[in-house]
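Shown next: structure-v7.cif, containing mmCIF, C-alpha atoms.
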```cif
data_input
#
loop_
_atom_site.label_atom_id
_atom_site.label_comp_id
_atom_site.auth_asym_id
_atom_site.auth_seq_id
_atom_site.Cartn_x
_atom_site.Cartn_y
_atom_site.Cartn_z
CA MET X 1 107.61 64.03 161.31
CA ALA X 2 109.22 62.94 158.07
CA VAL X 3 109.54 65.60 155.42
CA ASP X 4 107.20 64.98 152.50
CA TYR X 5 109.62 65.82 149.71
CA LYS X 6 107.19 64.80 146.99
CA ALA X 7 104.54 67.23 148.25
CA LEU X 8 107.16 69.95 148.44
CA LYS X 9 108.38 69.22 144.94
CA ASP X 10 104.85 69.15 143.55
CA GLY X 11 104.40 72.59 145.04
CA GLY X 12 107.50 73.99 143.33
CA PHE X 13 110.09 73.49 146.09
CA MET X 14 113.11 71.93 144.41
CA ARG X 15 115.50 70.14 146.76
CA GLN X 16 118.97 71.64 146.65
CA THR X 17 122.43 70.12 147.01
CA GLN X 18 122.61 71.96 150.32
CA LYS X 19 120.71 70.04 153.00
CA ASN X 20 117.35 71.48 154.07
CA HIS X 21 117.45 74.18 151.40
CA PHE X 22 115.08 74.50 148.48
CA SER X 23 115.04 76.43 145.27
CA LEU X 24 111.49 77.75 145.09
CA ARG X 25 109.95 77.74 141.62
CA LEU X 26 107.40 80.49 141.02
CA LYS X 27 104.37 80.39 138.80
CA ALA X 28 105.03 82.22 135.54
CA ILE X 29 102.93 82.63 132.41
CA GLY X 30 104.60 83.72 129.22
CA GLY X 31 107.54 85.11 131.22
CA ASN X 32 105.56 88.14 132.36
CA PHE X 33 105.86 89.54 135.88
CA THR X 34 104.61 92.90 137.12
CA ALA X 35 106.96 95.32 138.84
CA GLU X 36 104.99 94.74 142.07
CA GLN X 37 105.50 90.99 141.80
CA LEU X 38 109.22 91.54 141.19
CA SER X 39 109.42 93.71 144.33
CA THR X 40 107.77 90.95 146.36
CA ILE X 41 110.15 88.37 144.92
CA ALA X 42 113.15 90.59 145.65
CA GLU X 43 112.05 91.04 149.28
CA ILE X 44 111.54 87.29 149.77
CA SER X 45 114.93 86.56 148.26
CA LYS X 46 116.63 89.06 150.58
CA THR X 47 114.73 87.98 153.70
CA PHE X 48 114.56 84.20 153.26
CA GLY X 49 117.00 83.34 150.48
CA CYS X 50 120.50 84.43 149.57
CA GLY X 51 119.57 87.70 147.89
CA GLN X 52 119.59 86.18 144.45
CA VAL X 53 117.10 84.69 141.99
CA HIS X 54 117.56 82.34 139.07
CA LEU X 55 115.90 82.98 135.70
CA THR X 56 114.92 79.55 134.42
CA SER X 57 115.07 78.17 130.91
CA ARG X 58 111.27 78.37 130.74
CA GLN X 59 110.89 82.07 131.47
CA GLY X 60 110.28 81.48 135.13
CA ILE X 61 111.94 82.57 138.35
CA GLU X 62 113.32 80.39 141.13
CA ILE X 63 114.40 81.68 144.52
CA PRO X 64 117.20 79.43 145.82
CA PHE X 65 118.29 78.84 149.44
CA ILE X 66 114.82 78.85 151.00
CA LYS X 67 115.02 76.92 154.28
CA LEU X 68 112.67 74.07 155.01
CA ASP X 69 111.40 75.74 158.20
CA ASP X 70 110.40 78.89 156.29
CA VAL X 71 108.39 77.17 153.55
CA ASP X 72 104.92 78.02 154.81
CA LYS X 73 105.81 81.58 155.76
CA VAL X 74 107.46 82.21 152.38
CA LYS X 75 104.43 80.88 150.52
CA ALA X 76 102.06 83.08 152.51
CA GLU X 77 104.15 86.22 152.02
CA LEU X 78 104.51 85.55 148.30
CA GLU X 79 100.78 85.07 147.90
CA ALA X 80 100.10 88.30 149.76
CA GLY X 81 102.21 89.97 147.07
CA GLY X 82 100.36 88.25 144.20
CA VAL X 83 103.07 85.68 143.53
CA TYR X 84 102.31 81.95 143.42
CA THR X 85 104.48 78.87 143.51
CA GLY X 86 105.00 76.84 140.37
CA VAL X 87 104.88 73.12 139.77
CA CYS X 88 107.25 70.28 139.01
CA GLY X 89 106.56 66.60 138.44
CA PRO X 90 104.22 64.80 136.06
CA ARG X 91 101.82 67.56 135.11
CA VAL X 92 101.30 70.53 132.81
CA ARG X 93 104.15 72.94 133.42
CA THR X 94 104.69 76.65 132.94
CA VAL X 95 103.23 77.91 129.68
CA THR X 96 105.84 79.93 127.81
CA ALA X 97 105.22 82.66 125.23
CA CYS X 98 107.00 85.33 123.22
CA GLN X 99 105.62 88.87 123.36
CA GLY X 100 103.46 88.31 120.28
CA ALA X 101 101.45 90.67 118.12
CA GLU X 102 100.58 93.01 121.01
CA ILE X 103 104.19 94.17 121.22
CA CYS X 104 106.25 92.63 118.41
CA PRO X 105 105.80 93.89 114.82
CA SER X 106 106.46 90.37 113.52
CA GLY X 107 103.70 88.76 115.59
CA CYS X 108 100.78 87.10 113.80
CA ILE X 109 98.85 86.17 116.96
CA ASP X 110 98.34 87.68 120.41
CA THR X 111 100.40 85.20 122.42
CA TYR X 112 100.07 86.33 126.03
CA PRO X 113 96.26 86.17 126.39
CA LEU X 114 96.46 82.75 124.71
CA ALA X 115 99.15 81.60 127.15
CA LEU X 116 96.94 82.81 130.03
CA GLU X 117 93.98 80.84 128.68
CA ILE X 118 96.07 77.71 128.21
CA SER X 119 97.50 78.09 131.70
CA ASP X 120 94.05 78.63 133.26
CA ARG X 121 92.76 75.55 131.51
CA TYR X 122 95.65 73.11 131.94
CA PHE X 123 98.34 74.36 134.37
CA GLY X 124 99.10 71.73 137.01
CA ARG X 125 96.90 69.07 135.43
CA GLU X 126 98.29 65.64 136.30
CA LEU X 127 99.50 63.48 133.42
CA PRO X 128 101.74 60.42 132.93
CA HIS X 129 104.77 62.74 132.65
CA LYS X 130 105.62 66.43 132.45
CA PHE X 131 103.89 68.31 129.64
CA LYS X 132 105.01 71.63 128.22
CA PHE X 133 103.13 74.19 126.18
CA GLY X 134 104.84 77.04 124.33
CA VAL X 135 103.33 79.82 122.24
CA THR X 136 105.29 81.69 119.60
CA GLY X 137 103.82 84.55 117.59
CA CYS X 138 105.28 83.89 114.17
CA MET X 139 107.57 81.88 111.94
CA ASN X 140 110.65 83.57 113.44
CA ASN X 141 109.95 81.17 116.32
CA CYS X 142 111.73 83.09 119.09
CA LEU X 143 109.88 80.92 121.59
CA LYS X 144 110.97 77.64 119.89
CA ALA X 145 107.52 76.06 119.60
CA GLU X 146 108.83 72.67 118.48
CA GLU X 147 110.73 72.15 121.75
CA ASN X 148 107.41 71.72 123.51
CA ASP X 149 105.14 68.73 123.95
CA LEU X 150 102.54 70.97 122.35
CA GLY X 151 103.87 73.99 120.50
CA ILE X 152 101.67 76.74 119.06
CA LYS X 153 102.94 79.02 116.33
CA GLY X 154 101.09 81.99 114.88
CA GLY X 155 100.70 82.24 111.13
CA TYR X 156 98.54 83.89 108.50
CA THR X 157 96.32 82.32 105.89
CA ILE X 158 96.69 84.80 103.07
CA GLU X 159 94.56 86.17 100.27
CA TRP X 160 95.52 88.63 97.53
CA ILE X 161 93.22 91.59 97.01
CA LYS X 162 93.56 92.48 93.37
CA GLU X 163 91.77 95.85 93.57
CA ALA X 164 94.14 97.19 96.21
CA CYS X 165 97.33 95.97 94.53
CA THR X 166 99.55 98.35 92.57
CA LEU X 167 102.01 95.62 91.55
CA CYS X 168 104.68 97.56 93.44
CA GLY X 169 106.87 94.46 93.67
CA VAL X 170 107.51 94.40 97.42
CA CYS X 171 105.70 91.15 98.38
CA ALA X 172 107.34 88.99 95.73
CA LYS X 173 110.71 89.95 97.23
CA ALA X 174 109.56 89.80 100.88
CA CYS X 175 108.42 86.19 100.45
CA ARG X 176 111.26 83.88 101.43
CA GLU X 177 109.54 80.76 100.14
CA GLY X 178 109.33 81.76 96.49
CA ALA X 179 105.56 81.39 96.71
CA ILE X 180 104.75 84.74 95.10
CA ALA X 181 105.38 85.58 91.46
CA GLN X 182 104.41 88.78 89.71
CA THR X 183 103.39 89.22 86.09
CA GLU X 184 102.57 92.41 84.15
CA SER X 185 99.00 92.31 85.42
CA GLU X 186 98.71 90.15 88.50
CA ILE X 187 100.22 88.34 91.45
CA LEU X 188 100.45 84.55 91.37
CA LEU X 189 100.45 82.66 94.67
CA ASP X 190 101.70 79.08 94.90
CA GLU X 191 99.84 77.91 98.00
CA THR X 192 101.90 74.72 98.20
CA LYS X 193 104.99 76.84 98.91
CA CYS X 194 103.33 79.29 101.33
CA SER X 195 104.61 78.82 104.91
CA ASN X 196 101.92 81.10 106.45
CA CYS X 197 104.69 83.42 107.67
CA GLY X 198 102.72 86.54 106.74
CA ARG X 199 105.68 88.53 105.44
CA CYS X 200 103.66 89.50 102.35
CA VAL X 201 100.91 90.91 104.56
CA LYS X 202 103.35 92.70 106.87
CA SER X 203 105.36 94.22 104.03
CA CYS X 204 102.57 95.21 101.62
CA PRO X 205 102.37 99.03 101.43
CA PHE X 206 98.81 98.96 100.09
CA ASP X 207 97.07 96.37 102.29
CA ALA X 208 96.62 94.22 99.22
CA TRP X 209 97.23 91.02 101.17
CA ARG X 210 94.68 89.96 103.77
CA GLY X 211 96.09 87.76 106.52
CA GLU X 212 93.77 85.67 108.67
CA PRO X 213 95.57 84.72 111.91
CA GLY X 214 95.76 81.04 112.72
CA TYR X 215 97.58 78.46 114.83
CA ILE X 216 100.15 75.96 113.61
CA LEU X 217 100.50 73.17 116.15
CA SER X 218 103.44 70.85 116.73
CA PHE X 219 103.28 67.74 118.89
CA GLY X 220 105.81 65.65 120.77
CA GLY X 221 108.74 68.02 121.13
CA THR X 222 111.20 67.19 123.89
CA PHE X 223 114.67 68.59 124.55
CA GLY X 224 115.87 66.80 127.66
CA ASN X 225 117.41 63.35 127.79
CA LEU X 226 115.61 62.58 124.56
CA ILE X 227 115.93 65.28 121.92
CA ALA X 228 113.26 65.45 119.24
CA LYS X 229 111.42 68.29 117.61
CA GLY X 230 107.65 68.51 117.65
CA GLU X 231 105.93 67.58 114.41
CA PRO X 232 103.00 69.26 112.69
CA VAL X 233 100.13 66.84 112.40
CA LEU X 234 97.20 69.11 111.60
CA PRO X 235 96.74 71.87 109.01
CA ILE X 236 96.79 75.47 110.31
CA LEU X 237 93.81 76.00 112.64
CA ARG X 238 91.81 79.15 112.02
CA ASP X 239 90.05 79.53 115.35
CA LYS X 240 90.86 79.19 119.01
CA ASP X 241 88.07 76.70 119.72
CA ALA X 242 89.69 74.28 117.29
CA LEU X 243 93.02 74.83 119.02
CA PHE X 244 91.55 73.89 122.39
CA ARG X 245 89.77 70.88 120.90
CA ALA X 246 93.14 69.73 119.56
CA ALA X 247 94.87 70.31 122.91
CA ASP X 248 92.10 68.51 124.81
CA ALA X 249 92.37 65.58 122.42
CA ALA X 250 96.18 65.48 122.67
CA LEU X 251 96.13 65.41 126.47
CA ALA X 252 93.38 62.76 126.47
CA PHE X 253 95.50 60.67 124.09
CA PHE X 254 98.53 61.03 126.37
CA ASP X 255 96.48 60.09 129.45
CA LYS X 256 94.97 57.06 127.75
CA TYR X 257 97.94 55.53 125.95
CA ALA X 258 101.06 56.53 127.88
CA LYS X 259 102.90 54.19 130.17
CA PRO X 260 103.56 55.92 133.51
CA GLY X 261 106.66 58.08 133.39
CA GLU X 262 106.77 58.20 129.62
CA ARG X 263 107.03 61.44 127.64
CA PHE X 264 104.36 62.36 125.10
CA ARG X 265 106.81 61.84 122.23
CA VAL X 266 107.41 58.22 123.16
CA THR X 267 103.69 57.56 123.46
CA ILE X 268 103.00 59.03 120.02
CA GLU X 269 105.79 57.03 118.44
CA ARG X 270 104.63 53.78 119.99
CA ALA X 271 101.04 54.38 118.82
CA GLY X 272 102.23 55.66 115.44
CA TRP X 273 101.95 59.20 114.04
CA GLU X 274 99.11 58.30 111.71
CA ALA X 275 97.09 56.72 114.51
CA PHE X 276 97.74 59.83 116.61
CA ARG X 277 96.61 62.14 113.81
CA GLN X 278 93.44 60.10 113.25
CA THR X 279 92.63 60.10 116.97
CA LEU X 280 93.09 63.88 117.10
CA GLU X 281 90.83 64.46 114.12
CA THR X 282 88.15 62.08 115.38
CA GLU X 283 88.16 63.57 118.88
CA MET X 284 88.17 67.13 117.56
CA GLU X 285 85.21 66.41 115.32
CA ALA X 286 83.32 64.70 118.14
CA ALA X 287 83.97 67.67 120.42
CA TYR X 288 82.85 70.07 117.68
CA ASN X 289 79.60 68.19 117.12
CA GLY X 290 79.00 67.38 120.75
CA MET M 291 106.67 101.40 85.60
CA ALA M 292 104.76 104.44 86.77
CA ASP M 293 106.91 107.52 86.97
CA PHE M 294 107.33 109.45 90.14
CA GLN M 295 108.85 112.88 90.70
CA ILE M 296 112.01 111.87 92.55
CA ASP M 297 113.19 114.54 95.00
CA ALA M 298 116.21 112.73 96.40
CA GLU M 299 118.29 109.61 96.01
CA ALA M 300 120.11 107.38 98.46
CA ASP M 301 122.29 104.31 98.05
CA ILE M 302 122.35 101.77 100.87
CA THR M 303 124.06 98.99 98.92
CA ASP M 304 127.34 99.68 100.71
CA VAL M 305 126.02 98.67 104.14
CA VAL M 306 124.41 95.57 105.69
CA CYS M 307 121.41 95.05 108.00
CA PRO M 308 120.62 96.69 110.33
CA VAL M 309 122.64 99.68 109.12
CA THR M 310 120.66 99.55 105.84
CA PHE M 311 117.56 100.62 107.74
CA VAL M 312 119.46 103.29 109.70
CA LYS M 313 120.93 104.79 106.54
CA ALA M 314 117.54 104.82 104.83
CA LYS M 315 115.96 106.41 107.89
CA VAL M 316 118.61 109.13 108.01
CA ALA M 317 118.08 109.85 104.29
CA LEU M 318 114.34 110.17 104.89
CA GLU M 319 114.91 112.58 107.77
CA GLU M 320 116.52 115.02 105.35
CA LEU M 321 113.27 115.26 103.39
CA GLU M 322 110.14 117.33 103.80
CA ASP M 323 106.84 115.58 104.39
CA GLY M 324 105.47 114.32 101.05
CA GLN M 325 108.77 114.33 99.18
CA ILE M 326 109.81 111.21 97.30
CA ILE M 327 113.12 109.40 97.56
CA SER M 328 114.61 106.61 95.47
CA ILE M 329 116.68 104.26 97.60
CA ARG M 330 119.02 101.78 95.94
CA ILE M 331 119.11 98.51 97.90
CA ASN M 332 120.72 95.11 97.54
CA ASP M 333 118.99 91.83 96.82
CA GLY M 334 118.60 89.35 99.68
CA GLU M 335 117.95 90.48 103.21
CA PRO M 336 117.81 94.24 102.48
CA VAL M 337 115.09 93.93 99.84
CA GLN M 338 113.17 91.51 102.10
CA ASN M 339 113.30 93.75 105.15
CA VAL M 340 113.86 97.44 104.34
CA PRO M 341 110.54 98.07 102.55
CA ARG M 342 108.63 96.57 105.48
CA SER M 343 110.66 98.47 108.08
CA LEU M 344 109.98 101.78 106.31
CA LYS M 345 106.28 100.91 106.07
CA GLU M 346 106.25 100.20 109.81
CA GLU M 347 107.85 103.63 110.36
CA GLY M 348 104.78 105.07 108.66
CA HIS M 349 106.23 106.00 105.26
CA GLN M 350 104.45 105.21 102.00
CA ILE M 351 106.20 102.70 99.77
CA LEU M 352 105.34 103.44 96.14
CA LYS M 353 107.35 101.06 94.03
CA LEU M 354 110.12 98.51 94.02
CA SER M 355 111.88 97.97 90.71
CA ALA M 356 114.72 95.67 89.76
CA ASN M 357 117.78 97.27 88.22
CA GLY M 358 118.98 94.03 86.68
CA ASP M 359 122.24 94.05 88.62
CA GLU M 360 120.96 92.42 91.84
CA THR M 361 120.00 95.83 93.18
CA TYR M 362 116.58 97.46 93.41
CA ASN M 363 115.27 100.99 93.55
CA LEU M 364 112.73 101.50 96.31
CA ILE M 365 110.57 104.58 95.78
CA VAL M 366 109.27 105.96 99.07
CA ARG M 367 107.14 108.98 99.98
CA LYS M 368 108.02 110.50 103.31
CA VAL M 369 105.11 110.61 105.75
CA GLY M 370 105.25 112.69 108.94
CA GLU M 371 108.11 114.21 110.85
#
```
Kindly return the structure encoded in the file as structure tokens.
Amino acid sequence: MAVDYKALKDGGFMRQTQKNHFSLRLKAIGGNFTAEQLSTIAEISKTFGCGQVHLTSRQGIEIPFIKLDDVDKVKAELEAGGVYTGVCGPRVRTVTACQGAEICPSGCIDTYPLALEISDRYFGRELPHKFKFGVTGCMNNCLKAEENDLGIKGGYTIEWIKEACTLCGVCAKACREGAIAQTESEILLDETKCSNCGRCVKSCPFDAWRGEPGYILSFGGTFGNLIAKGEPVLPILRDKDALFRAADAALAFFDKYAKPGERFRVTIERAGWEAFRQTLETEMEAAYNG
Amino acid sequence: MADFQIDAEADITDVVCPVTFVKAKVALEELEDGQIISIRINDGEPVQNVPRSLKEEGHQILKLSANGDETYNLIVRKVGE
């Protein structure tokens, strides 16, 4: 029987230079693996591979040198240890994430639960071409949101609380955008300069800045053959439902307007950024009302 | 500027991040809980980051004042051990 390479590839088995060997891509979300999963992976690598794993550029793990004849056995043993195979091909890929507010003091949003939700909702969904999501917790952008077809960056919408403020002077210096000025009696915020980075909130010793977490989305990032950074199209979104309405609308747009084998970026540019933005807003509003 | 009873002084303008934070932390360790230190810090990255780092360590930032020579005095009350 002929080997169905496409089926193997769709299931995360990447054909190697070495005949009849595959580098097995594992399912990862936000680059998190438990110690138990790592033990399982180590055992599989020693038993069926070459005793080595590869850490991928998207926070995943691949086990190289898996033999064609062992594919089914390897999959079964991995699954018994709570490890699943990843995907390749024209579909939603591994969702990446930084550690976010749960662990990192700079984080504005809790990235890992969000990455899990995105993965549960979209992982593996077939599209005209590959589609990558990435979630980064703050403006420091460790996870490089704009490299992704859809990047999500945490930010704060800020508000000064006059009663709590002692005019200590810290926030005006912590702000890197020059958005905060201080007079003898008050703080002046230039909202047009605010980047939503939240450094005022994080640095304020008196909790005199309130920061409402939100999501800054970028669309159409791609860093392969074509290199282009994702662009913000929408204002900062304050709630997660709006984020998912935007993601639903973006994927629907890609499905509807892309030529087969075309990256999201190319589709957006052919349709025009303004047309894309209008479609997103219309679809999001329809989803909100419907 | 409100006046505080300064118990100790430190100058971290001779070092760069992240040693600025380390030097400030060491100076705070010398103090008793509740004592107040004035730390002289440089403009730029130190003044952007050191106040926040000390806040995240649990200390109470009281005041940041410009000295007019591109340095600042950060007044901090030590909290905890």
With chain M as the partner and 6 Å as the cut-off, tabulate the residues of chain X that qualify, each row holding the nearest pair of atoms and their distance in Å to one decimal, using all atoms listed in the file, sorted by chain and rising number, as JSON lines.
```
{"residue": "X:Cys168", "atom": "CA", "partner": "M:Lys353", "partner_atom": "CA", "distance": 4.4}
{"residue": "X:Gly169", "atom": "CA", "partner": "M:Leu354", "partner_atom": "CA", "distance": 5.2}
{"residue": "X:Val170", "atom": "CA", "partner": "M:Leu354", "partner_atom": "CA", "distance": 5.9}
{"residue": "X:Lys173", "atom": "CA", "partner": "M:Gln338", "partner_atom": "CA", "distance": 5.7}
{"residue": "X:Ala174", "atom": "CA", "partner": "M:Gln338", "partner_atom": "CA", "distance": 4.2}
{"residue": "X:Ser203", "atom": "CA", "partner": "M:Arg342", "partner_atom": "CA", "distance": 4.3}
{"residue": "X:Pro205", "atom": "CA", "partner": "M:Ile351", "partner_atom": "CA", "distance": 5.6}
```
Produce a file of the selected residues containing C-alpha atoms, as a PDB file, in the frame of the given file.
```pdb
ATOM      1  CA  CYS X 168     104.680  97.560  93.440  1.00  0.00           C
ATOM      2  CA  GLY X 169     106.870  94.460  93.670  1.00  0.00           C
ATOM      3  CA  VAL X 170     107.510  94.400  97.420  1.00  0.00           C
ATOM      4  CA  LYS X 173     110.710  89.950  97.230  1.00  0.00           C
ATOM      5  CA  ALA X 174     109.560  89.800 100.880  1.00  0.00           C
ATOM      6  CA  SER X 203     105.360  94.220 104.030  1.00  0.00           C
ATOM      7  CA  PRO X 205     102.370  99.030 101.430  1.00  0.00           C
TER       8      PRO X 205
END
```
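Within the file as shown, the PyMOL selection byres ((chain M and resi 321) around 10) identifies Asp297, Ala298, Val316, Ala317, Leu318, Glu319, Glu320, Glu322, Asp323, Gly324, Gln325, Ile326, Ile327, Arg367, Lys368, Val369 and Glu371 of chain M.
Taking atom CA of Leu150 of chain X as the reference point, atom CA of Phe131 of chain X is found at 7.9 Å.
Among the candidates X:Phe253, X:Asn289, X:Asp207, X:Tyr156, the residue lying nearest to Arg238 of chain X is X:Tyr156 (atoms considered: all atoms listed in the file).
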Practice problem: Could you list the residues chosen by the PyMOL selection byres ((chain X and resi 148) around 8) in this structure as a PyMOL selection string? | Solution: chain X and resi 131-134+144-147+149-151+218-223+229-230
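Within the file as shown, the PyMOL selection byres ((chain X and resi 101-109) around 9) identifies Cys98, Gln99, Gly100, Asp110, Thr111, Tyr112, Leu114, Thr136, Gly137, Cys138, Met139, Asn140, Lys153, Gly154, Gly155, Tyr156, Cys197, Gly198, Arg199, Lys202, Gly211, Glu212, Pro213, Gly214 and Tyr215 of chain X; Glu346 of chain M.
What separates atom CA of Tyr288 of chain X from atom CA of Asp248 of chain X is a distance of 11.8 Å.
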